[in-house]
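Visitor: This structure is in structure tokens; I'll ask about it shortly.
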Amino acid sequence: MMLFKDITVIDENYEAQEHFHILVEGNKIAYVGKEMPADYTGEVYDGKNKVAMPGFFNIHSHIPMPLLRGYGEGLPLQNWLFDRMFPFEAKLTPEDCYWGALLGQIEMIKSGVTSFTDMYMMMDGIVRAVDESGMKANLSHGSSNANGGFYDCNGYKGAEFLLDYEKTRTDDRIIADVSIHAEYTSCEQLVREAAEYCKEKGKRMHVHLSETAKEHNECKANRGVTPARFFADCGVFDNPTTAAHCVWLEGEDFDILKEYGVTPAHCPSSNMKLGSGVANLKKMLEMGINVGIGTDGAASNNNLNMLEEVNLAALIQKGVNHDPLFLSQKELLKMSTLNGARSQGRMDCGAIKVGNRADIVVWDLDKPHMQPVFDVVANILYAGHADDVCLNMIDGKVIYKDGILITIDEEKVIAQCKSIKERILGEL
């Protein structure tokens, strides 16, 4: 049990409530309100000058990619991917991915992320890292024909390890998804096989979709349809799907996403840095599409600071739409918490309310850049830094507090990742 005492709470309506109390019992929130719970004798967290809000959901990442941070600078996506990423990744081992995944999770935890949706390979290493960290994650092995089937040329076998692992757990902290890397890295047979396998197993799907003009237009030239129509026709969207980027959607693509309940993962840092463009969030949100936010991998971002991603999403969209009122604070919070939780199938997450999972991030207002306080949410979203996070609780367990990672040996992880970098550079 734990009581957050006299703390400002961002409630289930994403409004700030001062001098509230939150009682956590087991992995759930048992009470939220003004009155102090009677006869409480457990652990108490002093909420003075602190804000409790639901943790961020990073719904598109490649968690071991901090190992490649800065390795492919100054290249467009296709060259970045095929000339730099794939050759380096071909040298990675499951042990490398374990250490890389820990490094990535350190960044996420410290910036207020409680759950992430990930697509990568060598899942035995990644699963071990997530199991140890205490984070929530929807993990998938990306299927692809690219580079000789580098990720996995069979549309479904890459998911089998995760499905088998999921059966061994007594909780749902780690969820197995199915993944197709992208239209441009996959043949139609692979896409149809993976889509059918996903449907047969009752799982969720994770794909890249219309990230660049080249990808989008070459699909139209080669297949006669957009990537969104291609995936829909192949049965991919018959499964609950998270689609990363969605920068170059056009025409009926938006209707397809709405019809099938696809969640676009908006990744502004990566899209801007690689020159891919800006997704049309205004149209998506006006149509009632469930949009979430993702960091993408640290090789294209180049960090996993989720607060920075939410901030950029707001600034870029307000700018390109010439509308300072577009993306209100409530919309931003909902996109980065509740919408992400829905995309992962975690219906009891994403908001601080009784009965929900106790995924709570605490922010410290007692900083020069966070004072004075006229609007708590505005301070977090527009003035806050990642290191203003002073506590991260996931499923009722504190995994980060006052600058200290409780589940991960940060110094050891950094040393191991430096060693991996030197080894692989020597092999290339």
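Identifiers in the structure tokens: chain A, B, ... in order shown; residue index from 1 per chain; ligand index from 1 in order shown.
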Leaving out Met287 of chain A and any residue of its chain fewer than 5 positions from it, which residues lie within 9 Å of it when counting only C-alpha atoms, given as a list in words?
Guide: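 The contact residues come out as Phe254, Asp255, Lys258 and Lys282 of chain A.
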Visitor: For the selection you just gave me, I'd like the residues written to a file as an mmCIF file, in the first residue's frame, keeping N, CA, C and O atoms.
Guide:
data_model
loop_
_atom_site.group_PDB
_atom_site.id
_atom_site.type_symbol
_atom_site.label_atom_id
_atom_site.label_comp_id
_atom_site.auth_asym_id
_atom_site.auth_seq_id
_atom_site.Cartn_x
_atom_site.Cartn_y
_atom_site.Cartn_z
ATOM 1 N N PHE A 254 -7.589 8.102 -44.730
ATOM 2 C CA PHE A 254 -8.126 8.519 -43.432
ATOM 3 C C PHE A 254 -9.404 7.751 -43.100
ATOM 4 O O PHE A 254 -9.627 7.348 -41.952
ATOM 5 N N ASP A 255 -10.227 7.528 -44.105
ATOM 6 C CA ASP A 255 -11.460 6.762 -43.899
ATOM 7 C C ASP A 255 -11.149 5.316 -43.532
ATOM 8 O O ASP A 255 -11.852 4.703 -42.723
ATOM 9 N N LYS A 258 -10.136 5.196 -39.906
ATOM 10 C CA LYS A 258 -11.314 5.371 -39.065
ATOM 11 C C LYS A 258 -12.178 4.110 -39.077
ATOM 12 O O LYS A 258 -12.622 3.630 -38.017
ATOM 13 N N LYS A 282 -4.725 17.171 -37.603
ATOM 14 C CA LYS A 282 -5.996 17.900 -37.529
ATOM 15 C C LYS A 282 -7.106 17.087 -38.176
ATOM 16 O O LYS A 282 -8.190 16.929 -37.593
#
Visitor: For segment 291-305 of chain A, work out the shell of residues within 7 Å, counting only C-alpha atoms and skipping chain neighbours fewer than 5 positions away, then give it as a list in words.
Guide: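 Close residues of segment 291-305 of chain A: Asn58, Ile59, His60, Ser61, His62, Ile63, Met65, Pro66, Leu68, Arg69, Gly70, Tyr71, Gly104, Glu107, Met108, Ser111, Thr263, Pro264, Ala265, His266, Cys267, Ser269, Ser270, Lys273, Met335, Ser336, Asn339, Gly340 and Ala386 of chain A.
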Visitor: Tell me which of A:Lys353, A:Met53, A:Tyr31, A:Asp388 sits closest to Pro368 of chain A, counting only C-alpha atoms.
Guide: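 Between A:Lys353, A:Met53, A:Tyr31, A:Asp388, the residue approaching Pro368 of chain A most closely is A:Asp388.
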Visitor: What are the closest atom pairs, with distances in Å to one decimal, for each residue of segment 128-208 of chain A lying within 12 Å of segment 228-241 of chain A, using only C-alpha atoms, rows by chain and rising residue number, as a Markdown table?
Guide:
| residue | atom | partner | partner_atom | distance |
| --- | --- | --- | --- | --- |
| A:Asn138 | CA | A:Thr241 | CA | 11.9 |
| A:Gly155 | CA | A:Val236 | CA | 11.7 |
| A:Asp177 | CA | A:Thr241 | CA | 9.5 |
| A:Val178 | CA | A:Thr241 | CA | 9.4 |
| A:Ser179 | CA | A:Thr241 | CA | 9.3 |
| A:Ile180 | CA | A:Val236 | CA | 8.9 |
| A:His181 | CA | A:Phe231 | CA | 11.7 |
| A:Ala182 | CA | A:Phe231 | CA | 9.4 |
| A:Glu183 | CA | A:Phe231 | CA | 7.7 |
| A:Tyr184 | CA | A:Phe230 | CA | 10.9 |
| A:Ser186 | CA | A:Phe231 | CA | 10.9 |
| A:Cys187 | CA | A:Cys234 | CA | 10.9 |
| A:Glu188 | CA | A:Cys234 | CA | 7.6 |
| A:Gln189 | CA | A:Cys234 | CA | 8.9 |
| A:Leu190 | CA | A:Cys234 | CA | 9.8 |
| A:Val191 | CA | A:Cys234 | CA | 6.7 |
| A:Arg192 | CA | A:Cys234 | CA | 5.2 |
| A:Glu193 | CA | A:Cys234 | CA | 8.9 |
| A:Ala194 | CA | A:Val236 | CA | 7.8 |
| A:Ala195 | CA | A:Val236 | CA | 4.7 |
| A:Glu196 | CA | A:Gly235 | CA | 7.1 |
| A:Tyr197 | CA | A:Val236 | CA | 9.9 |
| A:Cys198 | CA | A:Asn239 | CA | 6.9 |
| A:Lys199 | CA | A:Asn239 | CA | 6.0 |
| A:Glu200 | CA | A:Asn239 | CA | 9.7 |
| A:Lys201 | CA | A:Asn239 | CA | 10.1 |
| A:Gly202 | CA | A:Asn239 | CA | 7.8 |
| A:Lys203 | CA | A:Asn239 | CA | 7.1 |
| A:Arg204 | CA | A:Pro240 | CA | 5.0 |
| A:Met205 | CA | A:Thr241 | CA | 4.5 |
| A:His206 | CA | A:Thr241 | CA | 5.7 |
| A:Val207 | CA | A:Thr241 | CA | 7.5 |
| A:His208 | CA | A:Ala228 | CA | 10.1 |
Visitor: Hey, what does DSSP flag as alpha helix (DSSP H) within segment 16-140 of chain A? Can you give it to me as a PyMOL selection string?
Guide: chain A and resi 77-79+86-89+94-110+123-133
Visitor: Could the residues in this selection be written to a file with N, CA and C atoms, as a CSV table (one decimal), in the first residue's frame?
Guide:
chain,number,residue,atom,x,y,z
A,77,LEU,N,15.6,8.6,-45.2
A,77,LEU,CA,15.2,7.4,-44.6
A,77,LEU,C,15.7,6.1,-45.3
A,78,GLN,N,15.6,6.0,-46.6
A,78,GLN,CA,15.9,4.8,-47.3
A,78,GLN,C,17.4,4.5,-47.2
A,79,ASN,N,18.3,5.5,-47.4
A,79,ASN,CA,19.7,5.3,-47.2
A,79,ASN,C,20.1,5.0,-45.7
A,86,PHE,N,20.5,-1.4,-41.1
A,86,PHE,CA,20.5,-2.8,-41.4
A,86,PHE,C,21.9,-3.5,-41.2
A,87,PRO,N,22.9,-3.0,-41.8
A,87,PRO,CA,24.3,-3.6,-41.7
A,87,PRO,C,24.7,-3.6,-40.2
A,88,PHE,N,24.5,-2.6,-39.4
A,88,PHE,CA,24.9,-2.5,-38.0
A,88,PHE,C,24.0,-3.5,-37.2
A,89,GLU,N,22.7,-3.5,-37.5
A,89,GLU,CA,21.8,-4.4,-36.7
A,89,GLU,C,22.1,-5.9,-37.0
A,94,PRO,N,21.4,-11.4,-29.3
A,94,PRO,CA,20.3,-11.2,-28.2
A,94,PRO,C,20.9,-10.5,-27.0
A,95,GLU,N,22.1,-10.8,-26.6
A,95,GLU,CA,22.7,-10.1,-25.4
A,95,GLU,C,22.9,-8.6,-25.7
A,96,ASP,N,23.2,-8.3,-26.9
A,96,ASP,CA,23.3,-6.8,-27.2
A,96,ASP,C,22.0,-6.2,-27.1
A,97,CYS,N,21.0,-6.8,-27.6
A,97,CYS,CA,19.6,-6.2,-27.6
A,97,CYS,C,19.1,-6.1,-26.1
A,98,TYR,N,19.5,-7.0,-25.3
A,98,TYR,CA,19.2,-7.0,-23.8
A,98,TYR,C,19.7,-5.7,-23.2
A,99,TRP,N,21.0,-5.4,-23.5
A,99,TRP,CA,21.6,-4.2,-22.9
A,99,TRP,C,21.1,-2.9,-23.5
A,100,GLY,N,20.9,-3.0,-24.9
A,100,GLY,CA,20.3,-1.8,-25.6
A,100,GLY,C,18.9,-1.5,-25.1
A,101,ALA,N,18.1,-2.6,-24.8
A,101,ALA,CA,16.8,-2.4,-24.3
A,101,ALA,C,16.7,-1.8,-22.9
A,102,LEU,N,17.7,-2.2,-22.1
A,102,LEU,CA,17.8,-1.6,-20.8
A,102,LEU,C,18.2,-0.1,-20.9
A,103,LEU,N,19.1,0.2,-21.8
A,103,LEU,CA,19.5,1.6,-22.0
A,103,LEU,C,18.3,2.5,-22.4
A,104,GLY,N,17.5,1.9,-23.4
A,104,GLY,CA,16.4,2.6,-23.9
A,104,GLY,C,15.3,2.9,-22.8
A,105,GLN,N,15.1,1.9,-22.0
A,105,GLN,CA,14.1,2.0,-20.9
A,105,GLN,C,14.5,3.0,-19.8
A,106,ILE,N,15.8,3.1,-19.6
A,106,ILE,CA,16.3,4.1,-18.6
A,106,ILE,C,15.8,5.5,-19.1
A,107,GLU,N,16.0,5.8,-20.4
A,107,GLU,CA,15.5,7.1,-20.9
A,107,GLU,C,14.0,7.3,-20.7
A,108,MET,N,13.3,6.2,-21.1
A,108,MET,CA,11.8,6.3,-21.0
A,108,MET,C,11.3,6.5,-19.6
A,109,ILE,N,11.8,5.7,-18.7
A,109,ILE,CA,11.4,5.7,-17.3
A,109,ILE,C,11.6,7.1,-16.7
A,110,LYS,N,12.8,7.7,-17.0
A,110,LYS,CA,13.2,9.0,-16.5
A,110,LYS,C,12.3,10.1,-17.1
A,123,MET,N,13.9,-11.2,-29.7
A,123,MET,CA,13.0,-10.8,-28.6
A,123,MET,C,13.4,-11.5,-27.3
A,124,ASP,N,14.2,-12.5,-27.3
A,124,ASP,CA,14.6,-13.1,-26.0
A,124,ASP,C,15.4,-12.2,-25.2
A,125,GLY,N,16.3,-11.4,-25.8
A,125,GLY,CA,17.0,-10.4,-25.0
A,125,GLY,C,16.2,-9.2,-24.6
A,126,ILE,N,15.2,-8.8,-25.4
A,126,ILE,CA,14.4,-7.6,-25.1
A,126,ILE,C,13.4,-8.0,-24.0
A,127,VAL,N,12.8,-9.2,-24.1
A,127,VAL,CA,11.9,-9.6,-23.1
A,127,VAL,C,12.5,-9.7,-21.7
A,128,ARG,N,13.8,-10.2,-21.6
A,128,ARG,CA,14.5,-10.3,-20.4
A,128,ARG,C,14.7,-8.9,-19.8
A,129,ALA,N,15.0,-7.9,-20.6
A,129,ALA,CA,15.2,-6.5,-20.2
A,129,ALA,C,14.0,-5.9,-19.6
A,130,VAL,N,12.8,-6.1,-20.3
A,130,VAL,CA,11.6,-5.5,-19.9
A,130,VAL,C,11.1,-6.2,-18.6
A,131,ASP,N,11.3,-7.5,-18.5
A,131,ASP,CA,10.9,-8.2,-17.3
A,131,ASP,C,11.6,-7.7,-16.1
A,132,GLU,N,12.9,-7.4,-16.3
A,132,GLU,CA,13.7,-6.9,-15.1
A,132,GLU,C,13.4,-5.4,-14.8
A,133,SER,N,13.0,-4.6,-15.8
A,133,SER,CA,12.8,-3.2,-15.6
A,133,SER,C,11.6,-2.8,-14.8
Visitor: Would you work out the distance separating atom CA of Leu332 of chain A from atom CA of Lys5 of chain A, expressed in Å to one decimal?
Guide: 26.4 Å
Visitor: Skipping near chain neighbours, those fewer than 6 positions away, what residues fall within 12 Å of segment 365-367 of chain A using only C-alpha atoms, listed as a list in words?
Guide: Ile7, Thr8, Gly47, Lys48, Asn49, Lys50, Val51, Ala52, Val373, Phe374, Asp375, Val376, Val377, Ala378, Asn379, Ile380, Ala383, Gly384, His385, Asp387, Asp388, Val389 and Cys390 of chain A
Visitor: Env of Trp248 of chain A: 7 Å cut, atoms = only C-alpha atoms, seq-sep filter 2 positions within chain, self excluded. Answer as a PyMOL selection string.
Guide: chain A and resi 210-213+216+246+250+279
Visitor: Write the residues you've just listed into a file as an mmCIF file, in the first residue's frame, and include N, CA and C atoms for each of them.
Guide:
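Listing of again_11.cif after writing:
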data_model
loop_
_atom_site.group_PDB
_atom_site.id
_atom_site.type_symbol
_atom_site.label_atom_id
_atom_site.label_comp_id
_atom_site.auth_asym_id
_atom_site.auth_seq_id
_atom_site.Cartn_x
_atom_site.Cartn_y
_atom_site.Cartn_z
ATOM 1 N N SER A 210 3.164 4.726 -44.482
ATOM 2 C CA SER A 210 3.253 6.000 -45.204
ATOM 3 C C SER A 210 4.125 7.013 -44.463
ATOM 4 N N GLU A 211 5.329 6.580 -44.129
ATOM 5 C CA GLU A 211 6.255 7.451 -43.404
ATOM 6 C C GLU A 211 6.864 8.512 -44.316
ATOM 7 N N THR A 212 7.207 8.114 -45.564
ATOM 8 C CA THR A 212 7.854 9.051 -46.492
ATOM 9 C C THR A 212 7.082 9.119 -47.804
ATOM 10 N N ALA A 213 7.342 10.185 -48.560
ATOM 11 C CA ALA A 213 6.735 10.327 -49.883
ATOM 12 C C ALA A 213 7.206 9.197 -50.804
ATOM 13 N N HIS A 216 5.324 5.960 -49.942
ATOM 14 C CA HIS A 216 3.909 6.084 -50.289
ATOM 15 C C HIS A 216 3.700 6.047 -51.806
ATOM 16 N N CYS A 246 2.306 7.682 -40.468
ATOM 17 C CA CYS A 246 1.107 8.128 -41.199
ATOM 18 C C CYS A 246 1.240 9.563 -41.713
ATOM 19 N N GLU A 250 -3.501 10.046 -47.658
ATOM 20 C CA GLU A 250 -4.262 10.885 -48.580
ATOM 21 C C GLU A 250 -5.652 10.280 -48.811
ATOM 22 N N ALA A 279 2.610 14.854 -40.083
ATOM 23 C CA ALA A 279 1.336 14.142 -40.202
ATOM 24 C C ALA A 279 0.161 15.100 -40.036
#
Visitor: May I have the residues within 6 Å of Lys28 of chain A as a count of residues only, using only C-alpha atoms and disregarding those fewer than 3 positions away in the same chain?
Guide: 6
Visitor: Nearest to Val9 of chain A: which of A:Ile175, A:Leu23, A:Val32, A:Leu75 is it, counting only C-alpha atoms?
Guide: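 Using only C-alpha atoms, Val9 of chain A sits closest to A:Val32.
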Visitor: Per DSSP on the backbone, what are the strand (DSSP E) residues of segment 131-236 of chain A, as a PyMOL selection string?
Guide: chain A and resi 136-143+174-176+178-180+205-209
Visitor: Write the residues of the selection above to a file with N, CA, C and O atoms, as a short mmCIF file (atom, residue, chain, number, x, y, z; two decimals), in the first residue's frame.
Guide:
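Writing done, so here's out-v6.cif:
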data_model
loop_
_atom_site.label_atom_id
_atom_site.label_comp_id
_atom_site.auth_asym_id
_atom_site.auth_seq_id
_atom_site.Cartn_x
_atom_site.Cartn_y
_atom_site.Cartn_z
N LYS A 136 5.74 -1.69 -18.45
CA LYS A 136 4.77 -2.36 -19.30
C LYS A 136 5.25 -2.25 -20.74
O LYS A 136 5.88 -1.25 -21.12
N ALA A 137 4.91 -3.25 -21.56
CA ALA A 137 5.30 -3.17 -22.98
C ALA A 137 4.45 -4.10 -23.81
O ALA A 137 4.11 -5.21 -23.39
N ASN A 138 4.10 -3.64 -25.02
CA ASN A 138 3.56 -4.49 -26.08
C ASN A 138 4.71 -4.71 -27.05
O ASN A 138 5.15 -3.78 -27.72
N LEU A 139 5.21 -5.93 -27.10
CA LEU A 139 6.41 -6.24 -27.88
C LEU A 139 6.06 -7.02 -29.13
O LEU A 139 5.17 -7.88 -29.13
N SER A 140 6.77 -6.74 -30.23
CA SER A 140 6.56 -7.50 -31.47
C SER A 140 7.86 -7.65 -32.22
O SER A 140 8.74 -6.79 -32.16
N HIS A 141 7.96 -8.76 -32.92
CA HIS A 141 9.11 -9.06 -33.77
C HIS A 141 8.75 -8.63 -35.19
O HIS A 141 7.85 -9.18 -35.80
N GLY A 142 9.45 -7.60 -35.70
CA GLY A 142 9.11 -7.06 -37.01
C GLY A 142 9.38 -8.02 -38.15
O GLY A 142 10.51 -8.45 -38.35
N SER A 143 8.37 -8.36 -38.92
CA SER A 143 8.51 -9.26 -40.07
C SER A 143 8.85 -8.46 -41.32
O SER A 143 8.27 -7.41 -41.56
N ILE A 174 3.68 -7.62 -19.83
CA ILE A 174 4.28 -7.76 -21.15
C ILE A 174 3.29 -8.48 -22.06
O ILE A 174 2.88 -9.60 -21.77
N ILE A 175 2.90 -7.81 -23.14
CA ILE A 175 1.91 -8.34 -24.08
C ILE A 175 2.59 -8.61 -25.43
O ILE A 175 3.37 -7.79 -25.92
N ALA A 176 2.29 -9.75 -26.02
CA ALA A 176 2.83 -10.11 -27.34
C ALA A 176 1.94 -9.56 -28.44
O ALA A 176 0.74 -9.79 -28.46
N VAL A 178 1.88 -8.81 -32.94
CA VAL A 178 2.43 -9.28 -34.22
C VAL A 178 2.81 -8.03 -35.01
O VAL A 178 2.18 -6.98 -34.86
N SER A 179 3.85 -8.13 -35.83
CA SER A 179 4.31 -6.95 -36.54
C SER A 179 4.72 -7.24 -37.97
O SER A 179 5.29 -8.29 -38.27
N ILE A 180 4.41 -6.30 -38.85
CA ILE A 180 4.94 -6.26 -40.21
C ILE A 180 5.74 -4.96 -40.30
O ILE A 180 5.19 -3.89 -40.03
N MET A 205 -1.65 -5.71 -33.97
CA MET A 205 -0.67 -5.55 -35.05
C MET A 205 0.04 -4.21 -34.92
O MET A 205 -0.53 -3.22 -34.47
N HIS A 206 1.31 -4.21 -35.35
CA HIS A 206 2.15 -3.00 -35.30
C HIS A 206 2.87 -2.88 -36.64
O HIS A 206 3.57 -3.81 -37.06
N VAL A 207 2.70 -1.74 -37.34
CA VAL A 207 3.30 -1.55 -38.67
C VAL A 207 3.84 -0.12 -38.80
O VAL A 207 3.47 0.77 -38.04
N HIS A 208 4.74 0.08 -39.79
CA HIS A 208 5.06 1.42 -40.27
C HIS A 208 4.14 1.71 -41.45
O HIS A 208 3.93 0.84 -42.29
N LEU A 209 3.64 2.94 -41.53
CA LEU A 209 2.69 3.26 -42.59
C LEU A 209 2.92 4.66 -43.16
O LEU A 209 2.88 5.65 -42.42
#
Visitor: For each of A:Phe56, A:Leu163, A:Ile22, A:Leu67, take the minimum atom-to-atom distance to Leu425 of chain A, counting only C-alpha atoms, then give the residue where this is smallest.
Guide: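 Distance minimum relative to Leu425 of chain A lands on A:Leu67.
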Visitor: With distances taken over only C-alpha atoms, which residue among A:Ala243, A:Met135, A:Leu338, A:Met2 lies nearest Met119 of chain A?
Guide: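 Result for the nearest residue to Met119 of chain A: A:Ala243.
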Visitor: May I ask for the distance between atom CA of Gly319 of chain A and atom CA of Ala16 of chain A, given in Å to one decimal place?
Guide: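 Straight-line distance from atom CA of Gly319 of chain A to atom CA of Ala16 of chain A works out to 26.3 Å.
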Visitor: Would you work out the distance separating atom CA of Asn13 of chain A from atom CA of His322 of chain A, expressed in Å to one decimal?
Guide: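 Here the two named atoms are 26.8 Å from each other.
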Visitor: Find, counting only C-alpha atoms, the residue in A:Asp395, A:Asp402, A:Glu411, A:Glu43 that gets nearest to Thr114 of chain A.
Guide: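 Of A:Asp395, A:Asp402, A:Glu411, A:Glu43, the one nearest Thr114 of chain A, counting only C-alpha atoms, is A:Asp395.
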Visitor: For Leu249 of chain A, which residue out of A:Gly134, A:Met284, A:Asn271, A:Ser343 is the nearest one, using only C-alpha atoms?
Guide: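 Among the listed residues, the smallest separation from Leu249 of chain A belongs to A:Met284.
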